[in-house]
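Have a look at final.cif; it's mmCIF, C-alpha atoms:
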```cif
data_data
loop_
_atom_site.label_atom_id
_atom_site.label_comp_id
_atom_site.auth_asym_id
_atom_site.auth_seq_id
_atom_site.Cartn_x
_atom_site.Cartn_y
_atom_site.Cartn_z
CA MET A 1 6.59 7.11 30.38
CA THR A 2 8.99 9.12 28.30
CA VAL A 3 7.76 10.47 25.01
CA ALA A 4 10.29 10.72 22.24
CA ARG A 5 9.48 13.31 19.64
CA HIS A 6 10.86 14.49 16.40
CA ALA A 7 10.11 17.69 14.57
CA ARG A 8 8.15 15.69 12.07
CA GLY A 9 6.28 13.47 14.47
CA THR A 10 6.41 10.37 16.59
CA LEU A 11 5.65 6.71 16.40
CA ARG A 12 4.77 4.84 19.54
CA TRP A 13 3.76 1.27 19.94
CA ALA A 14 3.01 -1.05 22.81
CA VAL A 15 2.13 -4.65 23.47
CA CYS A 16 0.07 -6.23 26.20
CA PRO A 17 -0.08 -9.92 27.05
CA VAL A 18 -3.62 -11.14 27.49
CA ASP A 19 -4.44 -13.99 29.78
CA GLU A 20 -6.67 -16.19 27.67
CA ARG A 21 -8.05 -17.96 30.71
CA SER A 22 -9.26 -14.77 32.28
CA ALA A 23 -10.46 -13.67 28.86
CA ALA A 24 -13.25 -16.17 29.18
CA ARG A 25 -14.63 -14.10 32.02
CA ALA A 26 -14.21 -10.88 30.09
CA ALA A 27 -14.36 -8.80 33.25
CA TRP A 28 -14.58 -5.09 32.60
CA SER A 29 -12.94 -3.87 35.74
CA ASP A 30 -9.62 -5.64 35.61
CA ARG A 31 -6.51 -3.89 34.41
CA PRO A 32 -4.12 -5.70 32.12
CA ALA A 33 -0.40 -5.49 32.62
CA VAL A 34 0.71 -3.19 29.86
CA HIS A 35 4.08 -3.11 28.20
CA ALA A 36 4.86 0.03 26.31
CA GLY A 37 7.55 2.14 24.83
CA ARG A 38 10.74 3.52 26.22
CA ARG A 39 12.65 6.35 24.75
CA GLY A 40 13.76 5.62 21.23
CA ARG A 41 16.91 6.63 19.44
CA ARG A 42 17.02 9.39 16.91
CA GLY A 43 16.69 7.96 13.44
CA ALA A 44 17.64 9.34 10.07
CA ASP A 45 14.55 11.44 9.67
CA ALA A 46 12.35 10.43 12.51
CA GLU A 47 12.39 9.40 16.10
CA VAL A 48 10.35 6.49 17.23
CA THR A 49 9.59 4.75 20.44
CA GLY A 50 8.72 1.18 21.11
CA GLY A 51 9.56 -1.44 23.60
CA ARG A 52 8.51 -3.36 26.62
CA ALA A 53 8.88 -1.18 29.69
CA ASP A 54 6.06 -1.74 32.13
CA ILE A 55 3.83 1.26 32.62
CA GLY A 56 0.49 -0.18 33.66
CA LEU A 57 -2.79 1.29 32.64
CA PRO A 58 -3.74 4.18 34.87
CA ALA A 59 -6.88 3.71 36.87
CA GLY A 60 -9.87 5.33 35.29
CA ILE A 61 -9.19 4.49 31.66
CA THR A 62 -9.89 0.79 31.93
CA VAL A 63 -12.66 0.74 29.33
CA ALA A 64 -14.16 3.77 27.63
CA LEU A 65 -17.92 3.67 27.29
CA GLU A 66 -17.87 3.68 23.50
CA ASP A 67 -15.39 0.80 23.48
CA ARG A 68 -17.57 -1.13 25.85
CA ARG A 69 -20.59 -0.67 23.59
CA ARG A 70 -18.63 -1.84 20.59
CA ALA A 71 -17.21 -4.75 22.54
CA ASP A 72 -20.66 -5.85 23.61
CA ALA A 73 -21.33 -6.74 19.99
CA ILE A 74 -18.39 -9.15 19.93
CA THR A 75 -19.59 -12.60 20.83
CA ALA A 76 -16.39 -14.48 21.55
CA PRO A 77 -15.20 -13.53 25.06
CA ALA A 78 -11.53 -13.74 24.15
CA ALA A 79 -12.03 -11.51 21.11
CA ARG A 80 -14.00 -9.06 23.24
CA ARG A 81 -11.25 -8.91 25.79
CA ARG A 82 -8.55 -8.38 23.20
CA PHE A 83 -10.56 -5.62 21.53
CA VAL A 84 -10.95 -3.81 24.83
CA VAL A 85 -7.28 -4.12 25.64
CA ALA A 86 -6.31 -2.88 22.17
CA ARG A 87 -8.52 0.17 22.54
CA ALA A 88 -7.13 0.84 26.00
CA LEU A 89 -3.61 0.65 24.59
CA LEU A 90 -4.50 3.01 21.76
CA ARG A 91 -6.00 5.51 24.17
CA ARG A 92 -2.97 5.32 26.38
CA LEU A 93 -0.64 5.89 23.43
CA VAL A 94 -2.76 8.75 22.11
CA VAL A 95 -2.84 10.48 25.48
CA SER A 96 0.89 10.13 26.00
CA GLY A 97 2.10 10.71 22.48
CA VAL A 98 -0.20 12.93 20.46
CA PRO A 99 0.36 16.66 20.82
CA ASP A 100 -2.36 19.27 20.99
CA LEU A 101 -5.19 17.00 22.00
CA CYS A 102 -8.48 18.76 22.48
CA ALA A 103 -10.07 18.61 25.88
CA GLY A 104 -12.70 15.96 26.31
CA PRO A 105 -13.02 12.27 25.60
CA ILE A 106 -10.81 10.68 22.97
CA ALA A 107 -13.06 9.46 20.21
CA ILE A 108 -11.73 6.39 18.46
CA THR A 109 -13.88 4.85 15.79
CA ALA A 110 -13.32 2.43 12.94
CA SER A 111 -12.96 3.10 9.23
CA PRO A 112 -15.05 1.06 6.78
CA SER A 113 -12.11 -1.31 6.49
CA GLY A 114 -11.96 -1.73 10.26
CA ARG A 115 -8.89 0.41 10.85
CA PRO A 116 -9.04 2.41 14.09
CA VAL A 117 -9.35 6.13 13.53
CA LEU A 118 -8.88 9.06 15.91
CA LEU A 119 -11.82 11.30 15.14
CA GLY A 120 -10.95 14.84 14.20
CA ARG A 121 -7.25 14.18 13.78
CA GLU A 122 -6.35 13.21 10.25
CA ASP A 123 -2.71 13.75 11.11
CA VAL A 124 -2.75 10.88 13.60
CA PHE A 125 -2.68 7.26 12.51
CA LEU A 126 -3.65 4.25 14.60
CA SER A 127 -3.22 0.53 14.23
CA ALA A 128 -3.99 -2.45 16.42
CA SER A 129 -3.42 -6.17 16.30
CA HIS A 130 -4.56 -9.00 18.46
CA THR A 131 -3.70 -12.62 18.39
CA ARG A 132 -4.00 -15.40 20.89
CA GLY A 133 -2.36 -14.23 24.08
CA MET A 134 -1.12 -10.84 22.90
CA VAL A 135 -2.39 -7.41 21.88
CA ALA A 136 -0.36 -4.72 20.12
CA ALA A 137 -1.16 -1.13 19.22
CA ALA A 138 0.63 1.74 17.50
CA VAL A 139 0.02 5.46 17.17
CA SER A 140 1.88 7.60 14.67
CA THR A 141 2.03 11.23 13.65
CA LEU A 142 4.70 10.43 11.08
CA GLY A 143 2.44 8.72 8.60
CA GLY A 144 0.32 5.68 8.05
CA VAL A 145 1.21 2.98 10.56
CA GLY A 146 0.53 -0.73 10.73
CA ILE A 147 1.30 -3.22 13.45
CA ASP A 148 0.84 -6.97 13.65
CA VAL A 149 1.79 -9.63 16.15
CA GLU A 150 1.69 -13.41 15.97
CA PRO A 151 3.00 -16.30 18.04
CA ALA A 152 6.42 -17.20 16.69
CA ASP A 153 5.50 -20.87 16.72
CA ARG A 154 2.12 -20.38 15.11
CA ARG A 155 1.33 -23.45 13.07
CA GLU A 156 -1.17 -23.85 10.30
CA LEU A 157 0.27 -21.12 8.16
CA PRO A 158 -1.89 -20.58 5.09
CA PRO A 159 -0.67 -22.11 1.84
CA LEU A 160 2.25 -20.04 0.63
CA HIS A 161 0.82 -19.45 -2.81
CA ALA A 162 -2.06 -17.59 -1.20
CA TRP A 163 0.08 -14.87 0.33
CA LEU A 164 3.69 -14.97 -0.84
CA HIS A 165 4.94 -13.39 -4.02
CA ASP A 166 6.85 -15.75 -6.29
CA THR A 167 10.12 -13.99 -5.50
CA GLU A 168 9.53 -14.50 -1.79
CA ARG A 169 8.78 -18.17 -2.23
CA VAL A 170 12.08 -18.62 -4.02
CA GLN A 171 13.89 -16.98 -1.09
CA GLU A 172 12.46 -19.52 1.32
CA VAL A 173 13.85 -22.49 -0.55
CA GLY A 174 16.78 -24.20 1.13
CA ALA A 175 16.27 -23.04 4.70
CA ASP A 176 15.81 -25.64 7.42
CA ALA A 177 12.27 -26.12 8.66
CA TYR A 178 12.67 -24.13 11.87
CA THR A 179 14.35 -21.17 10.23
CA ARG A 180 11.90 -21.24 7.39
CA HIS A 181 8.94 -21.19 9.74
CA GLN A 182 10.38 -18.28 11.72
CA ARG A 183 10.95 -16.34 8.53
CA LEU A 184 7.49 -17.07 7.25
CA VAL A 185 5.85 -15.83 10.44
CA ALA A 186 8.00 -12.69 10.18
CA ARG A 187 6.89 -12.20 6.60
CA TRP A 188 3.28 -12.66 7.58
CA VAL A 189 3.29 -10.03 10.32
CA ALA A 190 5.16 -7.64 8.04
CA LYS A 191 2.63 -8.02 5.26
CA GLU A 192 -0.24 -7.53 7.66
CA ALA A 193 1.41 -4.40 9.02
CA VAL A 194 1.86 -3.05 5.51
CA LEU A 195 -1.72 -3.74 4.52
CA LYS A 196 -2.99 -2.00 7.63
CA ALA A 197 -0.76 1.00 7.13
CA CYS A 198 -1.33 1.47 3.43
CA ASP A 199 -5.08 0.95 3.57
CA LEU A 200 -4.80 0.21 -0.12
CA ALA A 201 -6.62 -2.27 -2.29
CA VAL A 202 -3.61 -4.50 -2.71
CA THR A 203 -3.22 -8.19 -2.06
CA ARG A 204 -0.81 -9.91 0.27
CA ARG A 205 0.99 -11.35 -2.72
CA GLN A 206 1.62 -7.86 -4.05
CA VAL A 207 3.37 -6.83 -0.85
CA VAL A 208 6.97 -7.96 -1.18
CA VAL A 209 8.97 -7.81 2.04
CA HIS A 210 12.72 -7.26 2.06
CA ARG A 211 14.30 -7.93 5.40
CA GLY A 212 17.71 -6.71 6.44
CA ARG A 213 19.96 -8.38 8.95
CA ASP A 214 19.33 -5.92 11.76
CA GLY A 215 15.61 -6.38 12.20
CA HIS A 216 14.76 -3.63 9.76
CA GLY A 217 13.35 -3.90 6.30
CA VAL A 218 11.22 -2.35 3.63
CA ALA A 219 8.18 -3.36 1.68
CA VAL A 220 7.49 -2.71 -1.97
CA LEU A 221 4.32 -3.27 -3.92
CA HIS A 222 4.71 -5.57 -6.87
CA ASP A 223 2.61 -4.96 -9.97
CA HIS A 224 1.57 -1.55 -8.70
CA ASP A 225 2.90 1.02 -11.14
CA ASP A 226 1.57 3.99 -9.19
CA LEU A 227 3.69 3.16 -6.17
CA PRO A 228 7.23 2.28 -7.23
CA GLY A 229 9.93 1.91 -4.66
CA PRO A 230 9.62 1.21 -0.96
CA VAL A 231 6.23 2.13 0.44
CA MET A 232 6.92 1.16 4.01
CA THR A 233 9.75 0.89 6.46
CA LEU A 234 9.50 -2.15 8.68
CA ARG A 235 10.85 -3.13 12.05
CA TRP A 236 10.61 -6.60 13.53
CA VAL A 237 10.75 -7.18 17.26
CA GLN A 238 10.77 -10.40 19.23
CA ILE A 239 8.39 -10.09 22.17
CA GLY A 240 9.74 -12.37 24.85
CA SER A 241 10.36 -15.76 23.35
CA GLY A 242 6.88 -16.36 22.08
CA PHE A 243 5.77 -13.59 19.75
CA VAL A 244 6.99 -11.77 16.67
CA LEU A 245 5.84 -8.23 16.06
CA ALA A 246 6.22 -6.07 12.98
CA VAL A 247 5.54 -2.38 12.85
CA GLY A 248 5.56 -0.52 9.58
CA ILE A 249 5.33 3.11 8.72
CA GLY A 250 4.85 5.05 5.53
CA ALA A 251 4.97 8.77 5.06
CA ARG A 252 2.56 11.39 6.21
CA PRO A 253 -0.09 12.09 3.59
CA ALA A 254 -0.72 15.72 2.76
CA THR A 255 -4.33 15.38 3.84
CA GLY A 256 -6.67 12.54 4.66
CA GLY A 257 -8.86 10.78 2.14
CA ALA A 258 -7.60 10.13 -1.33
CA ASP A 259 -4.20 11.69 -0.69
CA ARG A 260 -3.47 8.86 1.70
CA HIS A 261 -3.02 6.70 -1.34
CA ARG A 262 -0.41 8.84 -3.01
CA HIS A 263 3.14 7.75 -2.98
CA PRO A 264 5.25 9.56 -0.41
CA ARG A 265 7.88 10.53 -2.93
CA SER A 266 5.32 12.07 -5.25
CA ARG A 267 4.80 15.05 -2.95
CA ASP A 268 7.25 17.79 -3.72
CA ASN A 269 7.36 19.29 -0.27
CA GLU A 270 7.35 16.14 1.78
CA VAL A 271 10.67 15.35 3.37
CA VAL A 272 9.78 12.16 5.18
CA THR A 273 9.77 9.13 2.93
CA ALA A 274 9.19 5.55 3.82
CA SER A 275 12.76 4.62 3.06
CA SER A 276 14.17 7.46 5.16
CA ILE A 277 12.48 6.46 8.40
CA ARG A 278 14.38 4.14 10.64
CA ILE A 279 12.35 2.56 13.37
CA SER A 280 14.37 2.28 16.52
CA ASP A 281 13.75 -0.14 19.32
CA ALA A 282 14.99 0.91 22.71
CA CYS A 283 14.83 -2.54 24.26
CA MET B 1 -23.55 -28.55 -4.32
CA ASN B 2 -26.64 -26.77 -3.02
CA ARG B 3 -26.77 -23.98 -0.44
CA ASP B 4 -27.25 -26.36 2.49
CA GLY B 5 -24.22 -28.32 1.37
CA LEU B 6 -22.17 -25.17 1.03
CA ARG B 7 -23.20 -24.00 4.49
CA ALA B 8 -22.29 -27.39 5.93
CA LEU B 9 -18.93 -27.21 4.20
CA ILE B 10 -18.18 -23.77 5.64
CA ILE B 11 -19.12 -24.95 9.12
CA GLU B 12 -17.00 -28.06 8.76
CA VAL B 13 -13.97 -26.02 7.74
CA LEU B 14 -14.55 -23.52 10.53
CA SER B 15 -14.79 -26.35 13.05
CA GLY B 16 -11.31 -27.44 12.04
CA ILE B 17 -9.90 -23.93 12.36
CA ALA B 18 -11.65 -22.98 15.60
CA PRO B 19 -12.30 -26.36 17.25
CA GLU B 20 -13.16 -24.80 20.60
CA THR B 21 -16.17 -23.03 19.11
CA ASP B 22 -19.52 -24.07 17.69
CA PRO B 23 -19.74 -22.60 14.19
CA ALA B 24 -23.13 -24.22 13.62
CA ALA B 25 -24.58 -21.96 16.30
CA VAL B 26 -23.28 -18.77 14.72
CA ASP B 27 -25.73 -16.06 13.68
CA PRO B 28 -25.56 -16.23 9.86
CA ARG B 29 -25.48 -12.43 9.68
CA ALA B 30 -22.75 -11.93 12.27
CA ASP B 31 -19.11 -11.34 11.53
CA LEU B 32 -17.38 -14.70 11.77
CA ARG B 33 -14.21 -13.05 13.05
CA ASP B 34 -16.03 -11.70 16.07
CA GLU B 35 -18.25 -14.72 16.59
CA LEU B 36 -15.51 -17.32 16.41
CA ASP B 37 -12.50 -15.22 17.39
CA LEU B 38 -10.81 -15.63 14.04
CA ASP B 39 -7.77 -13.57 13.13
CA SER B 40 -6.45 -12.80 9.66
CA MET B 41 -4.47 -16.02 9.46
CA ASP B 42 -7.51 -18.07 10.44
CA GLU B 43 -9.52 -16.22 7.84
CA LEU B 44 -7.06 -16.97 5.05
CA ASN B 45 -6.84 -20.60 6.12
CA MET B 46 -10.62 -20.86 6.03
CA ILE B 47 -10.86 -19.33 2.58
CA THR B 48 -8.10 -21.40 1.03
CA ARG B 49 -9.48 -24.63 2.48
CA ILE B 50 -12.97 -23.91 1.21
CA GLY B 51 -11.54 -23.01 -2.17
CA GLU B 52 -9.59 -26.25 -2.29
CA ARG B 53 -12.63 -28.31 -1.33
CA LEU B 54 -14.73 -26.68 -4.02
CA GLY B 55 -11.99 -26.57 -6.63
CA ILE B 56 -12.19 -22.83 -7.03
CA GLU B 57 -9.81 -19.97 -6.35
CA ILE B 58 -11.26 -17.21 -4.24
CA PRO B 59 -9.53 -13.95 -5.16
CA GLU B 60 -8.37 -11.73 -2.34
CA GLN B 61 -10.66 -8.91 -3.37
CA ASP B 62 -13.58 -11.24 -2.60
CA TYR B 63 -12.46 -12.13 0.91
CA ALA B 64 -14.89 -9.65 2.42
CA GLN B 65 -17.70 -11.80 1.02
CA MET B 66 -16.55 -14.62 3.27
CA ARG B 67 -16.90 -12.87 6.59
CA ARG B 68 -20.53 -13.75 7.23
CA LEU B 69 -22.05 -17.17 6.92
CA ASP B 70 -25.01 -15.98 4.84
CA ARG B 71 -22.88 -13.91 2.48
CA ALA B 72 -20.27 -16.62 2.16
CA THR B 73 -22.96 -19.12 1.24
CA ASP B 74 -24.38 -16.74 -1.36
CA TYR B 75 -20.97 -16.00 -2.76
CA LEU B 76 -19.95 -19.63 -3.02
CA ALA B 77 -23.31 -20.56 -4.52
CA GLY B 78 -22.68 -18.00 -7.20
CA ARG B 79 -19.17 -19.23 -7.83
CA VAL B 80 -20.04 -22.93 -7.87
CA GLY B 81 -23.15 -22.31 -9.91
CA ALA B 82 -21.25 -20.22 -12.38
CA ARG B 83 -18.64 -22.94 -12.70
CA SER B 84 -21.20 -25.69 -13.32
CA ARG B 85 -23.14 -23.74 -15.92
#
```
Would you mind writing the structure in this file as structure tokens?
Amino acid sequence: MTVARHARGTLRWAVCPVDERSAARAAWSDRPAVHAGRRGRRGADAEVTGGRADIGLPAGITVALEDRRRADAITAPAARRRFVVARALLRRLVVSGVPDLCAGPIAITASPSGRPVLLGREDVFLSASHTRGMVAAAVSTLGGVGIDVEPADRRELPPLHAWLHDTERVQEVGADAYTRHQRLVARWVAKEAVLKACDLAVTRRQVVVHRGRDGHGVAVLHDHDDLPGPVMTLRWVQIGSGFVLAVGIGARPATGGADRHRHPRSRDNEVVTASSIRISDAC
Amino acid sequence: MNRDGLRALIIEVLSGIAPETDPAAVDPRADLRDELDLDSMDELNMITRIGERLGIEIPEQDYAQMRRLDRATDYLAGRVGARSR
């Protein structure tokens, strides 16, 4: 698999269909068919990969021991399977896309909020998403990253008042039912991606998504005076005909911890800003 | 509504969201997302439906209280009790 790099870092993401019937067996030895990135185009300030080229998981990294232990605590077989596949994807993306890895096992753990973390590398950001039938994962050295995937025809969307900002609800008025549903699913995955990437104490209603016509967009936080302007750049991708994926990226924090929560534009020496990153899709 | 009623309500709502599972058999201290294979959309649907049934609004910052059956029961008992006082 080709790795696209930029002087300031990389973003790689991948998706993997999960057979829900075989998930019931939750076999440890089987290898899922993995779809992952192809070489991305050079963006304004960053180069990013993503896509659906088959690579297959190499033998020997099927399930890391620590992932297996964590998965054993997950009761639902399908959830266990998706967790394992997500971790395998993350490990694959880390191995192929993160420079200067130390020798030895890759240690991925979870933050208190559940976000996957690459131990010892505060400059690397991970995100994973699993829904029925699909797993997605992203690894970034550009900045905080979030990824989310949902079936495009997912019904039973939560009541709009629970997750849409008033301005977004107004924008949905007038569209036909099919278009409206597609747009709502796209908004949902974008908001989830933003929440995962920001790791901030904000609500879904505060995350306002602005979508362009070319599958790109930005997210701003409403009623959040400390973070004016776009906090995330978003890219939507249709996976086959059945799933919608959103990947979002912010800017690299100066250090881990509290600095993660600072606005990208507030750092004098930081060149990469959320609004300057353009996420390319090679597919 | 007492705690048993609240627990029954949660299980009833969960049964509608994850009909292929048996929420009544869930370990009360286990994470519902892992036990019942709920994703974030399921979780928000569960919370909004419970809120509607009880006539309360559950703020997003309290969603973490709804991820275990025992904690969700405690949380809702506090909210319902506070409302009825």
Counting all atoms listed in the file, chain A residues within 6 Å of chain B, as a PDB file with C-alpha atoms, in the frame of the given file:
```pdb
ATOM      1  CA  ILE A  74     -18.390  -9.150  19.930  1.00  0.00           C
ATOM      2  CA  THR A  75     -19.590 -12.600  20.830  1.00  0.00           C
ATOM      3  CA  ALA A  76     -16.390 -14.480  21.550  1.00  0.00           C
ATOM      4  CA  ALA A  79     -12.030 -11.510  21.110  1.00  0.00           C
ATOM      5  CA  PRO A 158      -1.890 -20.580   5.090  1.00  0.00           C
TER       6      PRO A 158
END
```
Close residues, B:Asp74 itself excluded, 12 Å, all atoms listed in the file, min 3 positions apart in chain, as a PyMOL selection string: chain B and resi 2-7+10+28-29+65-71+77-82
Expressed in Å to a single decimal, how great is the separation between atom CA of A:Val208 and atom CA of A:Val139? 23.8 Å
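Between atom CA of A:Leu11 and atom CA of A:Ser140 lies a distance of 4.2 Å.
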Report, in Å with one decimal, the straight-line distance from atom CA of A:Val207 to atom CA of A:Leu221.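 We find that atom CA of A:Val207 and atom CA of A:Leu221 lie 4.8 Å from each other.
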Can you tell me which residues surround A:His161 at a distance of at most 10 Å, considering all atoms listed in the file, apart from same-chain residues fewer than 4 positions away, and format the answer as a PyMOL selection string? (chain A and resi 165-166+169+205) or (chain B and resi 48)
Residues in the PyMOL selection byres ((chain B and resi 24) around 9), expressed as a CSV table (one decimal) with C-alpha atoms, in the coordinates of the input:
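The result, written out as expr.csv:
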```csv
chain,number,residue,atom,x,y,z
B,8,ALA,CA,-22.3,-27.4,5.9
B,11,ILE,CA,-19.1,-25.0,9.1
B,12,GLU,CA,-17.0,-28.1,8.8
B,15,SER,CA,-14.8,-26.4,13.0
B,21,THR,CA,-16.2,-23.0,19.1
B,22,ASP,CA,-19.5,-24.1,17.7
B,23,PRO,CA,-19.7,-22.6,14.2
B,25,ALA,CA,-24.6,-22.0,16.3
B,26,VAL,CA,-23.3,-18.8,14.7
B,27,ASP,CA,-25.7,-16.1,13.7
```
Within 9 Å of A:Gly146, counting all atoms listed in the file, which residues qualify if same-chain residues fewer than 2 places away don't, as a PDB file with C-alpha atoms, in the coordinates of the input?
```pdb
ATOM      1  CA  PHE A 125      -2.680   7.260  12.510  1.00  0.00           C
ATOM      2  CA  LEU A 126      -3.650   4.250  14.600  1.00  0.00           C
ATOM      3  CA  SER A 127      -3.220   0.530  14.230  1.00  0.00           C
ATOM      4  CA  ALA A 128      -3.990  -2.450  16.420  1.00  0.00           C
ATOM      5  CA  SER A 129      -3.420  -6.170  16.300  1.00  0.00           C
ATOM      6  CA  ALA A 137      -1.160  -1.130  19.220  1.00  0.00           C
ATOM      7  CA  ALA A 138       0.630   1.740  17.500  1.00  0.00           C
ATOM      8  CA  VAL A 139       0.020   5.460  17.170  1.00  0.00           C
ATOM      9  CA  GLY A 144       0.320   5.680   8.050  1.00  0.00           C
ATOM     10  CA  ASP A 148       0.840  -6.970  13.650  1.00  0.00           C
ATOM     11  CA  ALA A 190       5.160  -7.640   8.040  1.00  0.00           C
ATOM     12  CA  GLU A 192      -0.240  -7.530   7.660  1.00  0.00           C
ATOM     13  CA  ALA A 193       1.410  -4.400   9.020  1.00  0.00           C
ATOM     14  CA  VAL A 194       1.860  -3.050   5.510  1.00  0.00           C
ATOM     15  CA  LEU A 195      -1.720  -3.740   4.520  1.00  0.00           C
ATOM     16  CA  LYS A 196      -2.990  -2.000   7.630  1.00  0.00           C
ATOM     17  CA  ALA A 197      -0.760   1.000   7.130  1.00  0.00           C
ATOM     18  CA  CYS A 198      -1.330   1.470   3.430  1.00  0.00           C
ATOM     19  CA  ALA A 246       6.220  -6.070  12.980  1.00  0.00           C
ATOM     20  CA  VAL A 247       5.540  -2.380  12.850  1.00  0.00           C
ATOM     21  CA  GLY A 248       5.560  -0.520   9.580  1.00  0.00           C
ATOM     22  CA  ILE A 249       5.330   3.110   8.720  1.00  0.00           C
ATOM     23  CA  GLY A 250       4.850   5.050   5.530  1.00  0.00           C
TER      24      GLY A 250
END
```
As a check of understanding, name the residues that the PyMOL selection byres ((chain A and resi 151) around 9) selects in the supplied structure, as an MDAnalysis selection string. chainID A and resid 131:134 149:150 152:155 185 242:245
Taking all listed atoms of stretch 11-18 of chain B, build the axis-aligned box, pad each of the six sides by 3 Å, then write its centre and edge lengths in Å to one decimal as AutoDock Vina command-line options.
```
--center_x -14.5 --center_y -25.5 --center_z 11.7 --size_x 15.2 --size_y 11.1 --size_z 13.9
```
Check the smallest atom-to-atom distance from each of A:Leu160, A:Arg12, A:Trp236, A:Asp199 to A:Pro112 using all atoms listed in the file, then report the winner.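 Selected residue with least distance to A:Pro112: A:Asp199.
Each of A:Leu119, A:Val237, A:Val189, A:Cys16 was compared to A:Val84 using all atoms listed in the file, and A:Cys16 turns out to be the nearest.
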